[in-house]
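Peer 1: Contents of start.csv (CSV, C-alpha atoms and all ligand atoms) are below:
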```csv
chain,number,residue,atom,x,y,z
A,1,MET,CA,13.1,36.2,-26.7
A,2,HIS,CA,12.0,36.5,-23.2
A,3,PHE,CA,11.1,39.8,-21.5
A,4,LEU,CA,11.1,40.2,-17.8
A,5,ILE,CA,10.0,43.6,-16.8
A,6,LEU,CA,10.3,44.8,-13.3
A,7,SER,CA,8.5,47.9,-12.3
A,8,PHE,CA,9.7,49.8,-9.3
A,9,ILE,CA,8.2,52.5,-7.3
A,10,PHE,CA,10.9,54.5,-5.6
A,11,VAL,CA,9.5,55.9,-2.4
A,12,LEU,CA,11.8,58.8,-1.5
A,13,CYS,CA,11.7,60.1,1.9
A,14,GLY,CA,10.6,63.8,1.9
A,15,LEU,CA,13.3,66.1,3.4
A,16,SER,CA,11.0,67.4,6.2
A,17,SER,CA,10.0,63.9,7.5
A,18,CYS,CA,13.5,62.5,7.5
A,19,ASP,CA,15.5,62.5,10.6
A,20,ASP,CA,19.3,62.7,10.4
A,21,ASP,CA,19.9,59.7,8.1
A,22,VAL,CA,18.6,59.9,4.5
A,23,LYS,CA,16.4,56.9,3.8
A,24,SER,CA,15.3,55.8,0.4
A,25,VAL,CA,13.2,52.6,0.0
A,26,ALA,CA,12.6,50.8,-3.3
A,27,VAL,CA,9.2,49.0,-3.3
A,28,VAL,CA,8.6,46.4,-6.0
A,29,LYS,CA,5.2,47.1,-7.4
A,30,LYS,CA,4.8,44.1,-9.6
A,31,ASP,CA,6.8,41.6,-11.7
A,32,VAL,CA,5.4,41.4,-15.1
A,33,VAL,CA,6.4,38.5,-17.3
A,34,VAL,CA,5.4,39.2,-20.8
A,35,PRO,CA,4.8,35.9,-22.7
A,36,ILE,CA,6.6,35.0,-25.9
A,37,PHE,CA,5.0,36.0,-29.2
A,38,ASP,CA,5.4,33.2,-31.8
A,39,ALA,CA,5.8,35.0,-35.1
A,40,HIS,CA,6.0,31.7,-36.9
A,41,ARG,CA,2.4,30.8,-35.8
A,42,ALA,CA,1.2,34.3,-36.8
A,43,PHE,CA,2.8,33.8,-40.2
A,44,ALA,CA,1.1,30.4,-40.6
A,45,ASP,CA,-2.3,32.0,-39.8
A,46,ILE,CA,-1.7,34.6,-42.5
A,47,GLU,CA,-0.9,31.8,-44.9
A,48,ARG,CA,-4.0,30.0,-43.9
A,49,GLN,CA,-6.2,33.1,-44.5
A,50,CYS,CA,-4.7,33.5,-47.9
A,51,SER,CA,-5.3,29.9,-48.8
A,52,PHE,CA,-9.1,30.4,-48.9
A,53,GLY,CA,-8.6,32.8,-51.8
A,54,PRO,CA,-9.3,36.6,-51.7
A,55,ARG,CA,-11.8,37.2,-48.8
A,56,VAL,CA,-14.1,39.4,-50.8
A,57,PRO,CA,-17.5,39.9,-49.1
A,58,GLU,CA,-20.2,37.5,-50.3
A,59,SER,CA,-17.7,35.2,-51.9
A,60,GLU,CA,-17.2,31.5,-51.0
A,61,ALA,CA,-13.7,32.2,-49.7
A,62,HIS,CA,-15.0,34.9,-47.5
A,63,GLU,CA,-17.6,32.6,-46.0
A,64,SER,CA,-15.2,29.7,-45.4
A,65,CYS,CA,-12.6,32.0,-43.9
A,66,SER,CA,-15.1,33.5,-41.5
A,67,GLU,CA,-16.0,30.0,-40.3
A,68,TRP,CA,-12.4,29.2,-39.8
A,69,LEU,CA,-11.8,32.4,-37.9
A,70,ILE,CA,-14.8,31.8,-35.6
A,71,LYS,CA,-13.8,28.2,-34.9
A,72,THR,CA,-10.2,29.2,-34.2
A,73,LEU,CA,-11.2,32.0,-31.8
A,74,LYS,CA,-13.8,29.9,-30.0
A,75,ALA,CA,-11.0,27.5,-29.1
A,76,GLU,CA,-9.2,30.4,-27.3
A,77,ALA,CA,-11.5,33.1,-26.1
A,78,ASP,CA,-14.1,33.2,-23.3
A,79,THR,CA,-16.8,34.4,-25.7
A,80,VAL,CA,-17.0,34.9,-29.4
A,81,PHE,CA,-19.6,37.3,-30.9
A,82,VAL,CA,-20.6,37.0,-34.5
A,83,GLN,CA,-22.1,40.3,-35.8
A,84,ASP,CA,-23.8,40.0,-39.1
A,85,PHE,CA,-24.9,43.2,-40.8
A,86,ARG,CA,-26.0,44.6,-44.1
A,87,THR,CA,-24.6,47.8,-45.4
A,88,ARG,CA,-24.5,50.0,-48.5
A,89,ILE,CA,-21.2,50.1,-50.5
A,90,TYR,CA,-19.8,52.9,-52.7
A,91,ASP,CA,-22.0,52.1,-55.7
A,92,GLY,CA,-25.2,52.0,-53.7
A,93,ARG,CA,-25.5,48.2,-53.6
A,94,LEU,CA,-26.3,46.4,-50.3
A,95,LEU,CA,-23.8,43.8,-49.1
A,96,ASP,CA,-23.7,41.4,-46.2
A,97,GLY,CA,-20.8,41.7,-43.8
A,98,ARG,CA,-19.6,39.9,-40.6
A,99,ASN,CA,-17.6,41.3,-37.7
A,100,ILE,CA,-16.1,38.8,-35.3
A,101,ILE,CA,-15.4,39.7,-31.7
A,102,ALA,CA,-13.5,37.5,-29.3
A,103,SER,CA,-13.6,38.5,-25.6
A,104,PHE,CA,-11.4,37.7,-22.6
A,105,GLY,CA,-12.2,38.7,-19.0
A,106,GLY,CA,-15.9,39.3,-19.7
A,107,ASP,CA,-16.8,41.1,-16.5
A,108,ALA,CA,-13.9,43.6,-16.3
A,109,LYS,CA,-14.9,47.2,-16.8
A,110,LYS,CA,-11.5,48.4,-17.9
A,111,ARG,CA,-11.1,47.0,-21.4
A,112,ILE,CA,-8.6,47.0,-24.2
A,113,VAL,CA,-9.5,46.5,-27.8
A,114,VAL,CA,-7.2,45.2,-30.5
A,115,ALA,CA,-8.6,45.2,-34.0
A,116,ALA,CA,-7.8,44.4,-37.6
A,117,HIS,CA,-9.8,43.9,-40.8
A,118,TRP,CA,-10.3,40.4,-42.1
A,119,ASP,CA,-11.7,41.2,-45.6
A,120,SER,CA,-9.6,41.6,-48.6
A,121,ARG,CA,-9.9,44.2,-51.4
A,122,PRO,CA,-11.9,43.1,-54.5
A,123,PHE,CA,-9.7,45.3,-56.8
A,124,ALA,CA,-6.0,45.4,-57.4
A,125,ASP,CA,-6.5,49.0,-58.5
A,126,ASN,CA,-3.0,50.1,-57.6
A,127,ASP,CA,-1.3,47.3,-59.6
A,128,PRO,CA,1.2,48.5,-62.2
A,129,ASP,CA,-0.5,46.3,-64.7
A,130,GLU,CA,-3.9,47.7,-65.7
A,131,SER,CA,-5.2,44.2,-66.7
A,132,ASN,CA,-5.1,43.3,-63.0
A,133,TRP,CA,-7.2,46.2,-61.7
A,134,ARG,CA,-10.4,44.2,-61.6
A,135,LYS,CA,-8.9,41.2,-59.9
A,136,ALA,CA,-9.2,40.7,-56.1
A,137,ILE,CA,-6.1,40.7,-53.9
A,138,ASP,CA,-4.9,38.1,-51.4
A,139,GLY,CA,-4.4,40.9,-48.9
A,140,ALA,CA,-1.7,39.1,-47.0
A,141,ASN,CA,-0.5,42.4,-45.6
A,142,ASP,CA,-3.6,44.4,-46.1
A,143,GLY,CA,-5.8,42.7,-43.7
A,144,ALA,CA,-4.4,39.2,-42.9
A,145,SER,CA,-1.2,40.4,-41.2
A,146,GLY,CA,-3.1,42.1,-38.4
A,147,VAL,CA,-5.5,39.2,-38.1
A,148,GLY,CA,-2.6,36.7,-37.9
A,149,ILE,CA,-1.0,38.7,-35.0
A,150,ILE,CA,-4.4,38.8,-33.3
A,151,LEU,CA,-5.0,35.1,-33.5
A,152,GLU,CA,-1.6,34.5,-31.9
A,153,ILE,CA,-2.5,37.0,-29.2
A,154,ALA,CA,-5.7,35.0,-28.6
A,155,ARG,CA,-3.6,31.8,-28.0
A,156,ILE,CA,-1.3,33.6,-25.7
A,157,VAL,CA,-4.0,35.3,-23.6
A,158,ASN,CA,-5.8,32.0,-23.2
A,159,LYS,CA,-2.7,30.4,-21.7
A,160,ASN,CA,-1.4,33.5,-19.8
A,161,PRO,CA,-4.2,35.4,-18.0
A,162,LEU,CA,-4.1,39.2,-18.1
A,163,ASN,CA,-4.3,41.4,-15.0
A,164,GLU,CA,-7.7,40.3,-13.6
A,165,LYS,CA,-8.9,44.0,-13.7
A,166,ILE,CA,-8.4,44.2,-17.4
A,167,GLY,CA,-10.6,42.7,-20.1
A,168,LEU,CA,-9.5,42.3,-23.8
A,169,ASP,CA,-11.6,42.3,-26.9
A,170,LEU,CA,-10.1,41.2,-30.2
A,171,VAL,CA,-12.2,42.6,-33.0
A,172,LEU,CA,-12.1,41.5,-36.6
A,173,PHE,CA,-13.8,44.0,-38.9
A,174,ASP,CA,-15.3,43.1,-42.2
A,175,LEU,CA,-15.7,45.4,-45.3
A,176,GLU,CA,-12.8,47.7,-44.5
A,177,ASP,CA,-11.5,47.6,-48.0
A,178,TYR,CA,-14.5,48.0,-50.3
A,179,GLY,CA,-13.8,51.7,-51.1
A,180,ALA,CA,-14.5,52.9,-54.6
A,181,PRO,CA,-11.9,51.6,-57.1
A,182,ALA,CA,-9.4,54.2,-58.3
A,183,PHE,CA,-10.4,53.5,-61.9
A,184,SER,CA,-14.0,54.4,-61.2
A,185,ASN,CA,-15.5,57.9,-61.1
A,186,GLU,CA,-16.9,57.3,-57.6
A,187,HIS,CA,-15.5,59.2,-54.7
A,188,SER,CA,-16.7,58.6,-51.2
A,189,ASP,CA,-14.5,58.8,-48.1
A,190,ASN,CA,-17.0,57.0,-45.9
A,191,ALA,CA,-17.0,53.9,-48.2
A,192,TRP,CA,-13.9,52.6,-46.4
A,193,GLY,CA,-14.2,50.9,-43.0
A,194,LEU,CA,-17.8,49.9,-43.3
A,195,GLY,CA,-17.5,47.1,-40.7
A,196,SER,CA,-16.0,49.4,-38.1
A,197,GLN,CA,-18.6,52.0,-38.8
A,198,TYR,CA,-21.3,49.5,-38.1
A,199,TRP,CA,-19.6,48.1,-34.9
A,200,SER,CA,-18.9,51.6,-33.6
A,201,ALA,CA,-22.5,52.6,-33.9
A,202,HIS,CA,-23.8,49.1,-32.8
A,203,PRO,CA,-21.2,47.5,-30.5
A,204,HIS,CA,-21.5,43.8,-29.8
A,205,LYS,CA,-22.6,44.7,-26.2
A,206,PRO,CA,-24.8,47.8,-25.7
A,207,GLY,CA,-22.9,50.7,-24.1
A,208,TYR,CA,-19.5,48.9,-24.8
A,209,ARG,CA,-16.5,51.0,-23.8
A,210,ALA,CA,-12.8,50.5,-23.9
A,211,TYR,CA,-10.1,52.8,-22.6
A,212,MET,CA,-7.5,51.9,-25.2
A,213,GLY,CA,-7.6,50.7,-28.7
A,214,MET,CA,-4.9,49.4,-31.1
A,215,LEU,CA,-5.7,48.8,-34.7
A,216,LEU,CA,-3.3,46.7,-36.7
A,217,ASP,CA,-3.2,47.3,-40.5
A,218,MET,CA,-0.4,46.4,-42.8
A,219,VAL,CA,1.9,45.2,-40.1
A,220,GLY,CA,3.6,42.4,-42.1
A,221,ASN,CA,5.9,43.8,-44.9
A,222,ALA,CA,9.7,43.8,-44.8
A,223,ASN,CA,11.5,47.1,-44.0
A,224,PRO,CA,8.6,48.2,-41.8
A,225,ARG,CA,8.1,51.9,-40.9
A,226,PHE,CA,5.6,52.8,-38.2
A,227,PRO,CA,5.4,56.6,-37.7
A,228,LYS,CA,2.5,57.9,-35.5
A,229,GLU,CA,-0.3,58.0,-38.0
A,230,TYR,CA,-1.7,61.5,-38.1
A,231,TYR,CA,-5.2,61.0,-36.7
A,232,SER,CA,-4.0,58.6,-34.1
A,233,ASN,CA,-1.8,61.3,-32.7
A,234,GLN,CA,-4.6,63.8,-32.8
A,235,PHE,CA,-7.3,61.6,-31.1
A,236,ALA,CA,-5.2,59.4,-28.9
A,237,ALA,CA,-1.8,61.0,-28.2
A,238,HIS,CA,-1.5,59.3,-24.8
A,239,ILE,CA,-2.0,55.9,-26.3
A,240,CYS,CA,0.6,56.6,-29.1
A,241,ASP,CA,3.0,57.6,-26.3
A,242,LYS,CA,2.5,54.4,-24.5
A,243,ILE,CA,3.0,52.2,-27.6
A,244,TRP,CA,6.0,54.1,-29.0
A,245,LYS,CA,7.7,54.3,-25.5
A,246,THR,CA,7.2,50.5,-25.2
A,247,ALA,CA,8.7,50.0,-28.6
A,248,GLN,CA,11.7,52.2,-27.7
A,249,ARG,CA,12.2,50.2,-24.5
A,250,LEU,CA,12.3,47.0,-26.6
A,251,GLY,CA,14.9,48.5,-28.9
A,252,TYR,CA,12.5,49.1,-31.9
A,253,ASP,CA,13.0,52.8,-32.2
A,254,GLY,CA,14.2,52.3,-35.8
A,255,VAL,CA,10.9,50.8,-36.7
A,256,PHE,CA,8.4,52.6,-34.4
A,257,LEU,CA,9.5,56.1,-35.5
A,258,ASP,CA,9.1,59.0,-33.2
A,259,GLU,CA,7.5,61.2,-35.8
A,260,VAL,CA,4.0,62.0,-37.1
A,261,GLY,CA,3.0,60.3,-40.4
A,262,HIS,CA,0.3,60.6,-43.1
A,263,PRO,CA,-3.4,60.9,-42.2
A,264,ILE,CA,-5.1,57.6,-43.0
A,265,ASN,CA,-8.8,56.9,-43.3
A,266,ASP,CA,-9.0,53.6,-41.6
A,267,ASP,CA,-11.1,51.6,-39.0
A,268,HIS,CA,-9.7,53.7,-36.1
A,269,ILE,CA,-11.6,56.8,-37.3
A,270,SER,CA,-15.1,55.5,-36.3
A,271,MET,CA,-13.6,53.8,-33.2
A,272,ASN,CA,-12.4,57.2,-32.0
A,273,ILE,CA,-15.3,59.4,-33.2
A,274,VAL,CA,-18.3,57.1,-33.0
A,275,ALA,CA,-17.4,54.6,-30.3
A,276,GLY,CA,-15.4,57.1,-28.3
A,277,ILE,CA,-12.5,54.7,-27.8
A,278,PRO,CA,-9.0,56.3,-28.0
A,279,THR,CA,-7.5,54.2,-30.7
A,280,VAL,CA,-4.2,54.2,-32.5
A,281,ASP,CA,-3.6,52.8,-36.0
A,282,ILE,CA,-0.4,50.9,-36.2
A,283,ILE,CA,0.2,50.9,-39.9
A,284,HIS,CA,3.2,50.8,-42.2
A,285,LEU,CA,3.6,54.3,-43.8
A,286,GLU,CA,6.1,55.6,-46.2
A,287,GLY,CA,7.8,58.9,-45.5
A,288,ASN,CA,5.9,62.2,-45.7
A,289,ASP,CA,7.8,63.3,-48.8
A,290,SER,CA,6.9,60.0,-50.6
A,291,GLU,CA,4.4,59.9,-53.4
A,292,SER,CA,2.3,57.1,-51.9
A,293,SER,CA,1.5,56.8,-48.2
A,294,PHE,CA,1.5,53.0,-48.5
A,295,HIS,CA,3.9,50.1,-49.2
A,296,SER,CA,4.6,49.4,-52.9
A,297,THR,CA,2.6,46.2,-52.7
A,298,TRP,CA,-0.5,48.0,-51.5
A,299,HIS,CA,-3.7,47.1,-53.5
A,300,THR,CA,-1.6,45.1,-56.0
A,301,LEU,CA,-1.4,41.4,-56.7
A,302,ASP,CA,2.0,41.4,-55.0
A,303,ASP,CA,0.2,41.8,-51.6
A,304,ASN,CA,0.6,38.0,-51.1
A,305,ILE,CA,2.3,35.7,-48.6
A,306,SER,CA,5.7,35.9,-50.4
A,307,ASN,CA,6.0,39.5,-49.2
A,308,ILE,CA,5.3,38.9,-45.6
A,309,SER,CA,8.2,39.1,-43.2
A,310,GLU,CA,8.2,37.1,-40.0
A,311,SER,CA,10.5,39.5,-38.3
A,312,THR,CA,8.1,42.4,-38.8
A,313,LEU,CA,5.3,40.2,-37.2
A,314,GLN,CA,7.7,39.5,-34.3
A,315,ILE,CA,8.3,43.2,-33.7
A,316,VAL,CA,4.6,44.2,-33.8
A,317,GLY,CA,3.6,41.2,-31.7
A,318,ASN,CA,6.2,42.0,-29.1
A,319,VAL,CA,5.1,45.6,-28.8
A,320,VAL,CA,1.4,44.9,-28.6
A,321,LEU,CA,1.9,42.1,-26.0
A,322,ASN,CA,4.2,44.3,-23.9
A,323,VAL,CA,1.6,47.1,-23.9
A,324,ILE,CA,-1.2,44.7,-22.9
A,325,TYR,CA,0.7,42.8,-20.2
A,326,ASN,CA,2.0,46.0,-18.6
A,327,GLU,CA,-1.5,47.3,-17.9
A,401,LIG,C1,-7.7,55.3,-48.2
A,401,LIG,O1,-7.1,54.9,-49.2
A,401,LIG,C2,-8.5,56.6,-48.2
A,401,LIG,N1,-7.8,54.6,-47.1
A,401,LIG,C3,-7.1,53.4,-47.0
A,401,LIG,C4,-7.5,52.6,-45.9
A,401,LIG,C5,-7.0,51.2,-46.1
A,401,LIG,C6,-7.2,50.5,-47.2
A,401,LIG,N2,-6.3,50.5,-45.3
A,401,LIG,C7,-6.1,49.3,-45.8
A,401,LIG,N3,-6.6,49.3,-47.0
A,402,ZN,ZN,-6.6,48.2,-48.5
```
Can I see the file as structure tokens?
Ligand code: AHN
Ligand code: ZN

Peer 2:
Amino acid sequence: MHFLILSFIFVLCGLSSCDDDVKSVAVVKKDVVVPIFDAHRAFADIERQCSFGPRVPESEAHESCSEWLIKTLKAEADTVFVQDFRTRIYDGRLLDGRNIIASFGGDAKKRIVVAAHWDSRPFADNDPDESNWRKAIDGANDGASGVGIILEIARIVNKNPLNEKIGLDLVLFDLEDYGAPAFSNEHSDNAWGLGSQYWSAHPHKPGYRAYMGMLLDMVGNANPRFPKEYYSNQFAAHICDKIWKTAQRLGYDGVFLDEVGHPINDDHISMNIVAGIPTVDIIHLEGNDSESSFHSTWHTLDDNISNISESTLQIVGNVVLNVIYNE
């Protein structure tokens, strides 16, 4: 698909300044050509992430996947920052984590951030089969889907420069999904999103700011449903508006639903509150009357590549690219 968007400013002659004939002049502000998002490549990048094995922090798969992500992003971005940190998880243990940040348009003050988490959950604690609860998940949707879209965005932005006044940072968070397992007695809301908590308090550049953030989480399942996640609508209603209007213009109003969905504790919370970046979580959510907020494969062994839909990646990729290139 090819999108050609023409923006017009209609300069209408005020009644008092017009003479006898009514003049109206249309001035073309800019022609924006939004590049094509290749969902096939995004899919291949999700497959690749899964091929390392579950990306559980401090595992070998985690280490090799991070090396691959860094190498892949270095080939596309102006600068890649690797942010290693150590943080305490739900049970009090200290764990090593690694956030990866790929920047385009390094000098621009006006910046957009697009983020996803690249780690995968060590527990399939929502699996219908109890004997799977202590197994790690592939996280094809929960984590890798957002990263796959981001890697394709990196390729596109490398070849198709953005508006020179805008900078873009692609941020891959670690340790999003190490929250206390459902089968444990531990309860801690701030045990989720540890990589984003670290980055929001210690950005890769001191004083880092962005005026718009988009977080991609679980953006790859079939029959997608993207209502406006509750906190996103509270913290960043104007960004929600921009994204959902863009989706509507592209004909995706049956997927990007004009309604407010469940509240989700995700990486956008610290991006909004700690980093002060108005950030929206684009995340598949079931209806408000549904028992679970999440897709049926969530935190189960079924969250694997066989349940990833290329057409969902295409929709989300198109929406995010259209938002970015229209800035
Ligand atoms: C809670 O279940 C509280 N938060 C889920 C955040 C999450 C996990 N996103 C992906 N995996
Ligand atoms: Zn998860």

Peer 1: CA of Asp258 (chain A) and CA of Tyr325 (chain A) are how many Å apart?

Peer 2: 22.4 Å

Peer 1: With a distance cut-off of 12 Å and only C-alpha atoms, select the neighbouring residues of Pro181 (chain A), excluding the residue or stretch itself and same-chain residues fewer than 3 positions from it, and output the selection as a list in words.

Peer 2: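 Neighbouring residues, sequence-local ones excluded: Ile89, Tyr90, Asp91, Arg121, Pro122, Phe123, Ala124, Asp125, Asn126, Asp127, Trp133, Arg134, Lys135, Ala136, Asp177, Tyr178, Ser184, Asn185, Glu186, His187, Ser188, Asp189, Ala191, Trp192 and His299 of chain A.
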
Peer 1: Show me which residues sit within 12 Å of ligand ZN 402 (chain A) when counting only C-alpha atoms and all ligand atoms, and put them as a compact mmCIF listing (two decimals) with C-alpha atoms, in the coordinates of the input.

Peer 2:
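The result, stored in pocket.txt:
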```txt
# COMPACT_ATOMS: atom_id res chain seq x y z
CA VAL A 56 -14.10 39.40 -50.80
CA ALA A 116 -7.80 44.40 -37.60
CA HIS A 117 -9.80 43.90 -40.80
CA TRP A 118 -10.30 40.40 -42.10
CA ASP A 119 -11.70 41.20 -45.60
CA SER A 120 -9.60 41.60 -48.60
CA ARG A 121 -9.90 44.20 -51.40
CA PRO A 122 -11.90 43.10 -54.50
CA PHE A 123 -9.70 45.30 -56.80
CA ALA A 124 -6.00 45.40 -57.40
CA ASP A 125 -6.50 49.00 -58.50
CA ASN A 126 -3.00 50.10 -57.60
CA ALA A 136 -9.20 40.70 -56.10
CA ILE A 137 -6.10 40.70 -53.90
CA ASP A 138 -4.90 38.10 -51.40
CA GLY A 139 -4.40 40.90 -48.90
CA ALA A 140 -1.70 39.10 -47.00
CA ASN A 141 -0.50 42.40 -45.60
CA ASP A 142 -3.60 44.40 -46.10
CA GLY A 143 -5.80 42.70 -43.70
CA ALA A 144 -4.40 39.20 -42.90
CA SER A 145 -1.20 40.40 -41.20
CA ASP A 174 -15.30 43.10 -42.20
CA LEU A 175 -15.70 45.40 -45.30
CA GLU A 176 -12.80 47.70 -44.50
CA ASP A 177 -11.50 47.60 -48.00
CA TYR A 178 -14.50 48.00 -50.30
CA GLY A 179 -13.80 51.70 -51.10
CA ALA A 180 -14.50 52.90 -54.60
CA PRO A 181 -11.90 51.60 -57.10
CA ALA A 182 -9.40 54.20 -58.30
CA ALA A 191 -17.00 53.90 -48.20
CA TRP A 192 -13.90 52.60 -46.40
CA GLY A 193 -14.20 50.90 -43.00
CA ASP A 217 -3.20 47.30 -40.50
CA MET A 218 -0.40 46.40 -42.80
CA ILE A 264 -5.10 57.60 -43.00
CA ASN A 265 -8.80 56.90 -43.30
CA ASP A 266 -9.00 53.60 -41.60
CA ASP A 267 -11.10 51.60 -39.00
CA ILE A 283 0.20 50.90 -39.90
CA HIS A 284 3.20 50.80 -42.20
CA SER A 293 1.50 56.80 -48.20
CA PHE A 294 1.50 53.00 -48.50
CA HIS A 295 3.90 50.10 -49.20
CA THR A 297 2.60 46.20 -52.70
CA TRP A 298 -0.50 48.00 -51.50
CA HIS A 299 -3.70 47.10 -53.50
CA THR A 300 -1.60 45.10 -56.00
CA LEU A 301 -1.40 41.40 -56.70
CA ASP A 303 0.20 41.80 -51.60
```

Peer 1: Could you check how far CA of His40 (chain A) sits from CA of Ser311 (chain A), in Å to one decimal?

Peer 2: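 If I compute the distance from CA of His40 (chain A) to CA of Ser311 (chain A), I get 9.1 Å.
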
Peer 1: Tell me which of A:Gly146, A:Gly261, A:Gly213, A:Pro206 sits closest to ligand LIG 401 (chain A), counting all atoms listed in the file.

Peer 2: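 Among A:Gly146, A:Gly261, A:Gly213, A:Pro206, it is A:Gly146 that comes nearest to ligand LIG 401 (chain A).
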
Peer 1: Neighbours of Pro224 (chain A) within 12 Å (all atoms listed in the file; same-chain residues fewer than 2 positions away dropped), as a ChimeraX atom specification?

Peer 2: /A:141,217-222,226-227,252-257,282-287,294-296,307-316

Peer 1: Using only C-alpha atoms and all ligand atoms, which residue out of A:Glu229, A:Asp45, A:Asp96, A:Asp241 lies closest to ligand LIG 401 (chain A)?

Peer 2: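 The answer is A:Glu229, which sits nearest to ligand LIG 401 (chain A).
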
Peer 1: Let me make sure I understand: among A:Cys240, A:Val147, A:Ala247, A:Ala75, which one has the smallest atom-to-atom distance to Lys159 (chain A) if we use only C-alpha atoms?

Peer 2: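 Answer, going by the shortest atom-to-atom distance: A:Ala75.
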